[in-house]
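Structure file structure-v2.cif (mmCIF, C-alpha atoms and all ligand atoms) follows.
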data_run
loop_
_atom_site.label_atom_id
_atom_site.label_comp_id
_atom_site.auth_asym_id
_atom_site.auth_seq_id
_atom_site.Cartn_x
_atom_site.Cartn_y
_atom_site.Cartn_z
CA GLU A 4 -57.59 15.76 -13.26
CA GLU A 5 -57.08 16.32 -9.59
CA MET A 6 -56.90 19.85 -8.25
CA LEU A 7 -54.07 20.56 -5.85
CA LEU A 8 -55.06 24.17 -5.31
CA THR A 9 -58.32 26.06 -5.76
CA VAL A 10 -58.39 29.81 -5.21
CA ARG A 11 -61.79 31.48 -4.91
CA ASN A 12 -62.49 35.20 -5.01
CA LEU A 13 -59.16 36.12 -3.46
CA ARG A 14 -58.72 39.74 -2.33
CA LYS A 15 -55.96 41.69 -0.68
CA TYR A 16 -56.55 45.32 0.18
CA PHE A 17 -53.65 47.20 1.77
CA PRO A 18 -54.83 50.17 3.82
CA ILE A 19 -53.39 53.56 2.89
CA ARG A 20 -52.83 55.70 5.95
CA GLY A 21 -52.72 59.44 5.94
CA GLY A 22 -52.68 62.54 8.10
CA LEU A 23 -50.88 63.05 11.38
CA LEU A 24 -52.73 60.22 13.07
CA GLY A 25 -52.10 57.75 10.30
CA ARG A 26 -55.78 56.97 9.89
CA PRO A 27 -56.87 54.80 6.97
CA VAL A 28 -57.74 57.04 4.04
CA GLY A 29 -58.22 54.40 1.39
CA SER A 30 -56.84 51.11 0.20
CA VAL A 31 -54.69 49.62 -2.50
CA LYS A 32 -56.66 46.83 -4.10
CA ALA A 33 -53.63 44.69 -4.92
CA VAL A 34 -55.63 41.55 -5.59
CA ASP A 35 -59.30 42.09 -6.24
CA GLY A 36 -61.38 38.96 -6.66
CA VAL A 37 -59.14 36.39 -8.32
CA SER A 38 -60.17 32.75 -8.89
CA PHE A 39 -58.25 29.87 -10.44
CA GLU A 40 -57.26 26.26 -9.95
CA ILE A 41 -54.02 24.35 -10.32
CA GLU A 42 -54.02 20.67 -11.17
CA LYS A 43 -51.62 18.28 -9.56
CA GLY A 44 -48.39 18.20 -11.58
CA GLU A 45 -49.19 21.16 -13.81
CA THR A 46 -47.57 24.55 -14.21
CA LEU A 47 -49.83 27.57 -14.12
CA GLY A 48 -48.07 30.66 -15.41
CA LEU A 49 -49.21 33.98 -13.96
CA VAL A 50 -48.21 37.09 -15.89
CA GLY A 51 -48.75 40.83 -15.86
CA GLU A 52 -46.90 44.11 -15.39
CA SER A 53 -45.40 44.95 -12.01
CA GLY A 54 -48.08 45.98 -9.57
CA CYS A 55 -50.78 43.76 -11.14
CA GLY A 56 -50.96 41.62 -8.01
CA LYS A 57 -49.26 38.44 -9.22
CA SER A 58 -46.60 38.30 -6.48
CA THR A 59 -49.17 39.25 -3.86
CA THR A 60 -51.32 36.35 -5.10
CA GLY A 61 -48.35 33.98 -4.61
CA MET A 62 -47.70 35.32 -1.11
CA LEU A 63 -51.38 35.00 -0.17
CA ILE A 64 -51.51 31.37 -1.27
CA LEU A 65 -48.58 30.54 1.02
CA ARG A 66 -50.02 32.78 3.72
CA LEU A 67 -46.89 34.87 3.83
CA LEU A 68 -49.57 37.56 3.62
CA GLU A 69 -53.09 37.30 5.03
CA ALA A 70 -55.95 37.59 2.54
CA THR A 71 -58.60 40.26 3.06
CA GLU A 72 -61.18 37.88 1.61
CA GLY A 73 -61.46 34.63 -0.29
CA GLU A 74 -60.75 30.94 -0.04
CA ILE A 75 -57.59 28.96 -0.76
CA TRP A 76 -58.24 25.23 -0.93
CA PHE A 77 -55.20 22.97 -0.81
CA GLU A 78 -55.86 19.23 -0.94
CA GLY A 79 -59.41 19.78 0.18
CA ARG A 80 -58.75 22.13 3.11
CA ASP A 81 -59.06 25.92 3.30
CA VAL A 82 -55.61 27.34 3.99
CA THR A 83 -57.06 30.68 5.14
CA LYS A 84 -58.59 28.89 8.15
CA PHE A 85 -55.37 27.18 9.26
CA LYS A 86 -54.17 27.74 12.80
CA ARG A 87 -50.49 27.72 13.74
CA LYS A 88 -49.91 23.98 13.70
CA GLU A 89 -51.78 23.32 10.45
CA LEU A 90 -49.99 26.25 8.88
CA ARG A 91 -46.65 24.72 9.82
CA GLN A 92 -47.60 21.45 8.18
CA PHE A 93 -48.88 23.30 5.13
CA ARG A 94 -45.56 25.14 4.75
CA ARG A 95 -43.89 21.77 4.31
CA HIS A 96 -46.09 21.15 1.31
CA ALA A 97 -45.94 24.61 -0.25
CA GLN A 98 -42.70 26.49 -0.77
CA ILE A 99 -41.51 29.57 -2.64
CA ILE A 100 -38.56 30.44 -4.84
CA PHE A 101 -37.87 34.17 -4.81
CA GLN A 102 -36.87 36.53 -7.57
CA ASP A 103 -33.66 37.72 -6.02
CA PRO A 104 -31.74 34.71 -4.74
CA TYR A 105 -29.10 36.90 -3.15
CA ALA A 106 -31.51 38.89 -1.02
CA SER A 107 -33.25 35.71 0.11
CA LEU A 108 -30.10 33.84 1.20
CA ASN A 109 -28.55 34.61 4.57
CA PRO A 110 -25.04 35.90 3.73
CA ARG A 111 -23.61 34.63 7.02
CA MET A 112 -24.73 31.07 6.55
CA ALA A 113 -22.85 28.38 4.64
CA VAL A 114 -24.78 27.01 1.70
CA GLY A 115 -25.16 23.57 3.25
CA ASP A 116 -26.75 25.13 6.34
CA ILE A 117 -29.03 27.30 4.21
CA ILE A 118 -30.35 24.20 2.47
CA ALA A 119 -30.60 22.26 5.75
CA GLU A 120 -32.47 25.03 7.60
CA PRO A 121 -35.99 24.12 6.37
CA MET A 122 -35.35 20.50 7.37
CA MET A 123 -34.43 21.71 10.82
CA LEU A 124 -37.60 23.83 11.06
CA HIS A 125 -39.71 20.83 10.09
CA ASN A 126 -37.77 18.18 12.03
CA LEU A 127 -36.87 16.27 8.90
CA ALA A 128 -33.77 14.11 8.74
CA VAL A 129 -31.13 14.54 11.44
CA GLY A 130 -27.35 14.18 11.68
CA ALA A 131 -25.70 12.20 8.90
CA GLU A 132 -29.00 11.68 7.14
CA ARG A 133 -29.51 15.43 6.89
CA THR A 134 -25.99 15.92 5.52
CA LYS A 135 -26.68 13.23 2.93
CA LEU A 136 -29.93 14.89 1.93
CA VAL A 137 -28.19 18.25 1.53
CA GLU A 138 -25.61 16.61 -0.75
CA LYS A 139 -28.36 14.96 -2.75
CA LEU A 140 -30.24 18.25 -3.13
CA MET A 141 -27.09 20.05 -4.23
CA ARG A 142 -26.44 17.46 -6.91
CA LEU A 143 -30.10 17.58 -7.93
CA VAL A 144 -29.86 21.32 -8.70
CA GLY A 145 -26.48 20.97 -10.41
CA LEU A 146 -24.13 22.12 -7.64
CA SER A 147 -21.18 20.17 -6.36
CA PRO A 148 -21.68 19.06 -2.73
CA HIS A 149 -18.05 20.11 -2.21
CA TYR A 150 -19.31 23.69 -2.06
CA ALA A 151 -21.53 23.09 0.99
CA ASP A 152 -19.14 25.04 3.24
CA ARG A 153 -19.01 28.10 1.03
CA TYR A 154 -21.02 31.29 1.46
CA PRO A 155 -23.59 32.82 -0.93
CA HIS A 156 -21.26 35.63 -2.10
CA GLU A 157 -18.88 33.02 -3.52
CA PHE A 158 -21.48 31.96 -6.08
CA SER A 159 -22.76 33.46 -9.32
CA GLY A 160 -26.36 34.65 -9.70
CA GLY A 161 -27.42 31.46 -11.43
CA GLN A 162 -25.75 29.29 -8.78
CA ARG A 163 -27.43 31.27 -6.04
CA GLN A 164 -30.79 30.62 -7.63
CA ARG A 165 -29.90 26.92 -7.67
CA ILE A 166 -29.25 27.21 -3.93
CA GLY A 167 -32.65 28.89 -3.48
CA ILE A 168 -34.28 26.05 -5.40
CA ALA A 169 -32.49 23.40 -3.31
CA ARG A 170 -33.65 25.11 -0.14
CA ALA A 171 -37.26 25.21 -1.38
CA LEU A 172 -37.11 21.51 -2.24
CA ALA A 173 -35.48 20.48 1.05
CA VAL A 174 -38.85 19.77 2.68
CA GLN A 175 -40.15 17.88 -0.37
CA PRO A 176 -43.02 20.25 -1.18
CA LYS A 177 -45.90 19.49 -3.53
CA LEU A 178 -46.55 23.06 -4.62
CA VAL A 179 -43.80 25.53 -5.44
CA VAL A 180 -44.55 29.19 -6.07
CA CYS A 181 -41.83 30.44 -8.40
CA ASP A 182 -41.89 34.23 -8.06
CA GLU A 183 -40.00 35.55 -11.08
CA PRO A 184 -37.14 33.10 -10.44
CA VAL A 185 -35.18 34.14 -13.55
CA SER A 186 -35.98 37.87 -13.81
CA ALA A 187 -32.81 38.91 -11.96
CA LEU A 188 -30.54 36.61 -13.98
CA ASP A 189 -28.57 37.15 -17.17
CA VAL A 190 -30.49 36.08 -20.24
CA SER A 191 -27.85 33.41 -20.93
CA ILE A 192 -28.52 31.83 -17.54
CA GLN A 193 -32.32 32.12 -17.63
CA SER A 194 -32.94 29.11 -19.84
CA GLN A 195 -30.63 26.93 -17.73
CA ILE A 196 -32.67 27.67 -14.63
CA LEU A 197 -35.96 27.22 -16.50
CA ASN A 198 -34.76 23.86 -17.83
CA LEU A 199 -33.71 22.84 -14.33
CA LEU A 200 -37.17 23.70 -12.97
CA VAL A 201 -38.80 21.65 -15.72
CA GLU A 202 -36.52 18.66 -15.00
CA LEU A 203 -37.17 18.87 -11.28
CA GLN A 204 -40.90 19.02 -11.88
CA ARG A 205 -40.75 15.83 -13.94
CA GLU A 206 -38.50 14.05 -11.49
CA LEU A 207 -40.26 15.06 -8.29
CA GLY A 208 -43.86 15.46 -9.50
CA LEU A 209 -43.99 19.12 -8.49
CA THR A 210 -46.82 21.54 -9.15
CA TYR A 211 -45.82 25.11 -10.03
CA LEU A 212 -47.40 28.50 -9.84
CA PHE A 213 -44.94 30.32 -12.05
CA ILE A 214 -45.01 34.12 -11.80
CA ALA A 215 -43.39 36.31 -14.45
CA HIS A 216 -43.92 39.78 -15.88
CA GLY A 217 -43.70 38.71 -19.51
CA LEU A 218 -45.11 35.89 -21.58
CA ASN A 219 -41.75 34.98 -23.12
CA VAL A 220 -40.58 33.38 -19.88
CA VAL A 221 -43.72 31.36 -19.13
CA LYS A 222 -44.80 30.34 -22.61
CA HIS A 223 -42.52 27.32 -22.90
CA ILE A 224 -43.08 25.90 -19.45
CA SER A 225 -46.75 26.59 -18.61
CA ASP A 226 -49.62 24.20 -19.20
CA ARG A 227 -52.03 27.06 -18.64
CA ILE A 228 -51.45 30.79 -18.35
CA GLY A 229 -53.36 33.43 -16.41
CA VAL A 230 -52.98 37.11 -17.29
CA MET A 231 -53.48 39.72 -14.58
CA TYR A 232 -54.10 43.44 -14.85
CA LEU A 233 -54.56 45.79 -11.89
CA GLY A 234 -55.51 43.12 -9.38
CA LYS A 235 -57.82 41.18 -11.71
CA MET A 236 -57.42 38.07 -13.82
CA VAL A 237 -58.38 39.09 -17.36
CA GLU A 238 -57.70 35.90 -19.30
CA LEU A 239 -56.92 32.31 -18.32
CA ALA A 240 -56.33 29.68 -20.95
CA ASN A 241 -54.31 26.73 -22.13
CA GLY A 242 -50.79 28.07 -22.75
CA GLU A 243 -50.67 27.10 -26.39
CA GLU A 244 -54.09 28.64 -27.12
CA LEU A 245 -53.28 31.83 -25.27
CA ILE A 246 -50.06 32.34 -27.22
CA THR A 247 -51.38 31.41 -30.67
CA GLN A 248 -54.82 32.94 -30.28
CA PRO A 249 -54.95 35.61 -27.58
CA LEU A 250 -58.44 37.06 -27.19
CA HIS A 251 -58.15 39.71 -24.51
CA PRO A 252 -56.74 43.04 -25.78
CA TYR A 253 -54.31 43.16 -22.87
CA THR A 254 -53.00 39.67 -23.60
CA LYS A 255 -52.48 40.79 -27.20
CA THR A 256 -50.33 43.71 -26.08
CA LEU A 257 -48.27 41.48 -23.78
CA LEU A 258 -47.71 39.07 -26.66
CA SER A 259 -46.73 41.81 -29.05
CA ALA A 260 -43.91 42.72 -26.65
CA ILE A 261 -42.16 39.38 -27.26
CA PRO A 262 -39.38 39.75 -29.81
CA VAL A 263 -39.84 37.70 -32.96
CA PRO A 264 -37.11 35.04 -33.17
CA GLN A 265 -36.76 34.69 -36.95
CA PRO A 266 -35.09 37.59 -38.74
CA GLY A 267 -37.34 39.02 -41.41
CA ALA A 268 -40.53 37.94 -39.65
CA LYS A 269 -42.75 40.92 -39.05
CA LYS A 270 -44.76 41.70 -36.00
CA SER A 271 -45.92 45.07 -34.91
CA ARG A 272 -45.64 45.90 -31.28
CA ILE A 273 -48.81 47.29 -29.76
CA LEU A 274 -47.81 50.25 -27.67
CA LEU A 275 -50.09 51.09 -24.81
CA GLU A 276 -50.85 54.71 -24.14
CA GLY A 277 -50.63 56.11 -20.66
CA ASP A 278 -49.30 54.67 -17.45
CA VAL A 279 -50.75 51.82 -15.44
CA PRO A 280 -53.45 53.44 -13.29
CA SER A 281 -53.03 53.27 -9.53
CA PRO A 282 -54.50 50.18 -7.86
CA ALA A 283 -55.63 52.55 -5.10
CA ASN A 284 -57.97 54.19 -7.56
CA PRO A 285 -58.64 51.77 -10.41
CA PRO A 286 -60.68 52.96 -13.40
CA LYS A 287 -64.42 52.36 -13.34
CA GLY A 288 -65.83 49.71 -15.67
CA CYS A 289 -63.13 47.61 -17.29
CA ARG A 290 -59.88 48.43 -15.50
CA PHE A 291 -58.03 48.28 -18.79
CA HIS A 292 -60.31 50.75 -20.60
CA THR A 293 -58.01 53.76 -20.13
CA ARG A 294 -55.32 52.01 -22.19
CA CYS A 295 -57.23 49.52 -24.31
CA PRO A 296 -56.82 49.95 -28.08
CA GLU A 297 -60.25 48.36 -28.59
CA CYS A 298 -62.18 50.30 -25.95
CA MET A 299 -65.93 50.80 -26.49
CA PRO A 300 -68.33 53.16 -24.64
CA VAL A 301 -69.66 50.33 -22.47
CA CYS A 302 -66.14 49.58 -21.21
CA ALA A 303 -65.95 52.78 -19.17
CA GLU A 304 -69.28 52.01 -17.48
CA GLU A 305 -69.62 48.30 -16.88
CA GLU A 306 -67.08 45.94 -15.46
CA PRO A 307 -66.81 42.86 -17.67
CA GLU A 308 -67.41 39.60 -15.84
CA PHE A 309 -64.64 36.97 -15.75
CA ARG A 310 -66.44 34.06 -17.37
CA LYS A 311 -65.99 30.87 -19.31
CA VAL A 312 -65.90 31.25 -23.08
CA GLY A 313 -65.18 27.97 -24.82
CA SER A 314 -62.21 26.39 -23.10
CA ARG A 315 -60.92 29.59 -21.56
CA HIS A 316 -61.95 32.24 -19.04
CA ILE A 317 -61.94 35.88 -20.04
CA ALA A 318 -63.16 39.28 -18.84
CA CYS A 319 -63.88 41.52 -21.84
CA HIS A 320 -67.03 43.05 -23.38
CA LEU A 321 -65.71 42.22 -26.86
CA ILE A 322 -65.83 38.49 -26.26
CA GLN A 323 -69.32 37.02 -26.01
FE1 LIG A 401 -60.88 46.65 -23.88
FE2 LIG A 401 -63.44 46.94 -23.32
FE3 LIG A 401 -62.40 44.51 -23.43
FE4 LIG A 401 -61.80 46.16 -21.43
S1 LIG A 401 -63.81 45.29 -21.89
S2 LIG A 401 -60.39 44.90 -22.57
S3 LIG A 401 -61.74 48.13 -22.46
S4 LIG A 401 -62.59 45.97 -25.11
MG MG A 402 -43.17 40.81 -8.05
#
Starting from the file, give its structure as structure tokens.
Amino acid sequence: EEMLLTVRNLRKYFPIRGGLLGRPVGSVKAVDGVSFEIEKGETLGLVGESGCGKSTTGMLILRLLEATEGEIWFEGRDVTKFKRKELRQFRRHAQIIFQDPYASLNPRMAVGDIIAEPMMLHNLAVGAERTKLVEKLMRLVGLSPHYADRYPHEFSGGQRQRIGIARALAVQPKLVVCDEPVSALDVSIQSQILNLLVELQRELGLTYLFIAHGLNVVKHISDRIGVMYLGKMVELANGEELITQPLHPYTKTLLSAIPVPQPGAKKSRILLEGDVPSPANPPKGCRFHTRCPECMPVCAEEEPEFRKVGSRHIACHLIQ
């Protein structure tokens, strides 16, 4: 197993400014010491409620945001140390697909130009060759090349996401961060796009970091799944194991939120009490203790370490 990406102790603190002078008065600990690896060709699912830091983690890896601390190793080199030129080269190898395809596509650009733009930025393929590549990409994502002259508003939500995918693939990346790529789409379209991403991965040997807020989206396509809560990774395991045998209380609540497919099958949904605490002022001890159904006295005092237990990693005082 060859690692494509290794993330070590990643942190992102956003300063909170206050008062008339806008002086820093605190910080939002959006990502607070996260470590994981992604093997070449695998899909790592990253899940958690909004505000848990999963999108920020994706942005940090691509350096669309600068990390406060930590290391990001991509093919043996630390991305956080890259200067301009190296960063440019890295961007060819690591791309992102956004949640809202409409917001991320320039409305004044024809679709063919949108897909060709990354090639232009990276000096890949010129003239007729570029046009050919755009046509090939459009076919690859299931769009007719005849539509290359049309504008984003002429397409449906699912088609727009296909355009976003084609654009991300235009520079032939190795790693693709998929940031909730189906969350904004109709349920009927979601599985089409998920299937497309799986096919493309197989065909092009892509590696995915697949971000979603619920386990139902990632469970079919992830080799491993990481669960985040308030800026921390709380459980990281083989996808199958995590779904069939969740150990962390938070993972259990996320799983209980997935509707049961067979009628008559019973599953009780675990309802969490209280709101997600603010990442500017996370609870002491285990960050989940204010909502955890299995909370013990130690949980409010000591932060559980994220450590290896069997084949998985987990941060919980219950699991020894
Ligand atoms: Fe719940 Fe305690 Fe485990 Fe945190 S450490 S998840 S509060 S049991
Ligand atoms: Mg997000």
Discussion item. How would you report the residues lying within 7 Å of ligand LIG 401 (chain A), as a ChimeraX atom specification, if you count all atoms listed in the file?
Written reply: /A:251-253,289-292,295-299,302,307,318-321
Counting all atoms listed in the file, what are the residues of segment 103-166 of chain A within 12 Å of segment 85-91 of chain A, and for each of them which pair of atoms is the nearest and at what distance in Å, to one decimal? Sort the table by chain and rising number, as JSON lines.
{"residue": "A:Pro121", "atom": "CA", "partner": "A:Arg91", "partner_atom": "CA", "distance": 11.2}
{"residue": "A:Leu124", "atom": "CA", "partner": "A:Arg91", "partner_atom": "CA", "distance": 9.2}
{"residue": "A:His125", "atom": "CA", "partner": "A:Arg91", "partner_atom": "CA", "distance": 8.0}
{"residue": "A:Asn126", "atom": "CA", "partner": "A:Arg91", "partner_atom": "CA", "distance": 11.2}
Item to complete: Residues up to 8 Å from ligand MG 402 (chain A), counting all atoms listed in the file: could you list those as a count of residues only?
Response: 12
Discussion item. Taking (-56.9, 38.1, -2.2) as a centre in this file's frame and 12 Å as the limit, can you find every polymer residue with an atom that close, using only C-alpha atoms, and give them as an MDAnalysis selection string?
Written reply: chainID A and resid 10:17 31:39 56:66 68:75 83 234:236
Worksheet entry | Pick from A:Ile273, A:Leu127, A:Cys55, A:Ala113, whichever lies nearest to Glu157 of chain A using all atoms listed in the file | A:Ala113
Discussion item. Calculated over only C-alpha atoms, which of the candidates A:Ser314, A:Thr46, A:Thr293, A:Gln98 has the smallest distance to Asp226 of chain A?
Written reply: A:Thr46
Item to complete: Do a neighbour search on Pro110 of chain A at 7 Å with only C-alpha atoms, toss out local chain neighbours closer than 2 positions, and write the hits as a list in words.
Response: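 Near Pro110 of chain A, the qualifying residues are Leu108, Met112, Tyr154, Pro155 and His156 of chain A.
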Could you work out an axis-aligned bounding box for all listed atoms of segment 99-116 of chain A, with 8 Å added on each of the six sides, and give its centre and edge lengths in Å to one decimal, as AutoDock Vina command-line options?
--center_x -32.2 --center_y 31.2 --center_z -0.3 --size_x 34.7 --size_y 31.3 --size_z 30.6
Practice prompt. Please write as a VMD selection string the list of polymer residues whose atoms come within 10 Å of (-43.8, 27.6, -3.0), counting all atoms listed in the file and keeping to the coordinates of the file.
Written response: chain A and resid 61 to 62 64 to 65 94 to 101 168 171 to 172 176 to 182 210 to 213
Fill in: Pairwise distance for atom CA of Thr9 of chain A and atom CA of Leu197 of chain A, rounded to one decimal in Å
24.8 Å
Worksheet item: What gap, in Å, lies between atom CA of Tyr232 of chain A and atom CA of Lys311 of chain A?
Response: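 Distance between the two atoms: 17.9 Å.
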Worksheet entry | Two-atom distance - atom CA of Leu146 of chain A, atom CA of Phe93 of chain A (Å) |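 If I compute the distance from atom CA of Leu146 of chain A to atom CA of Phe93 of chain A, I get 27.9 Å.
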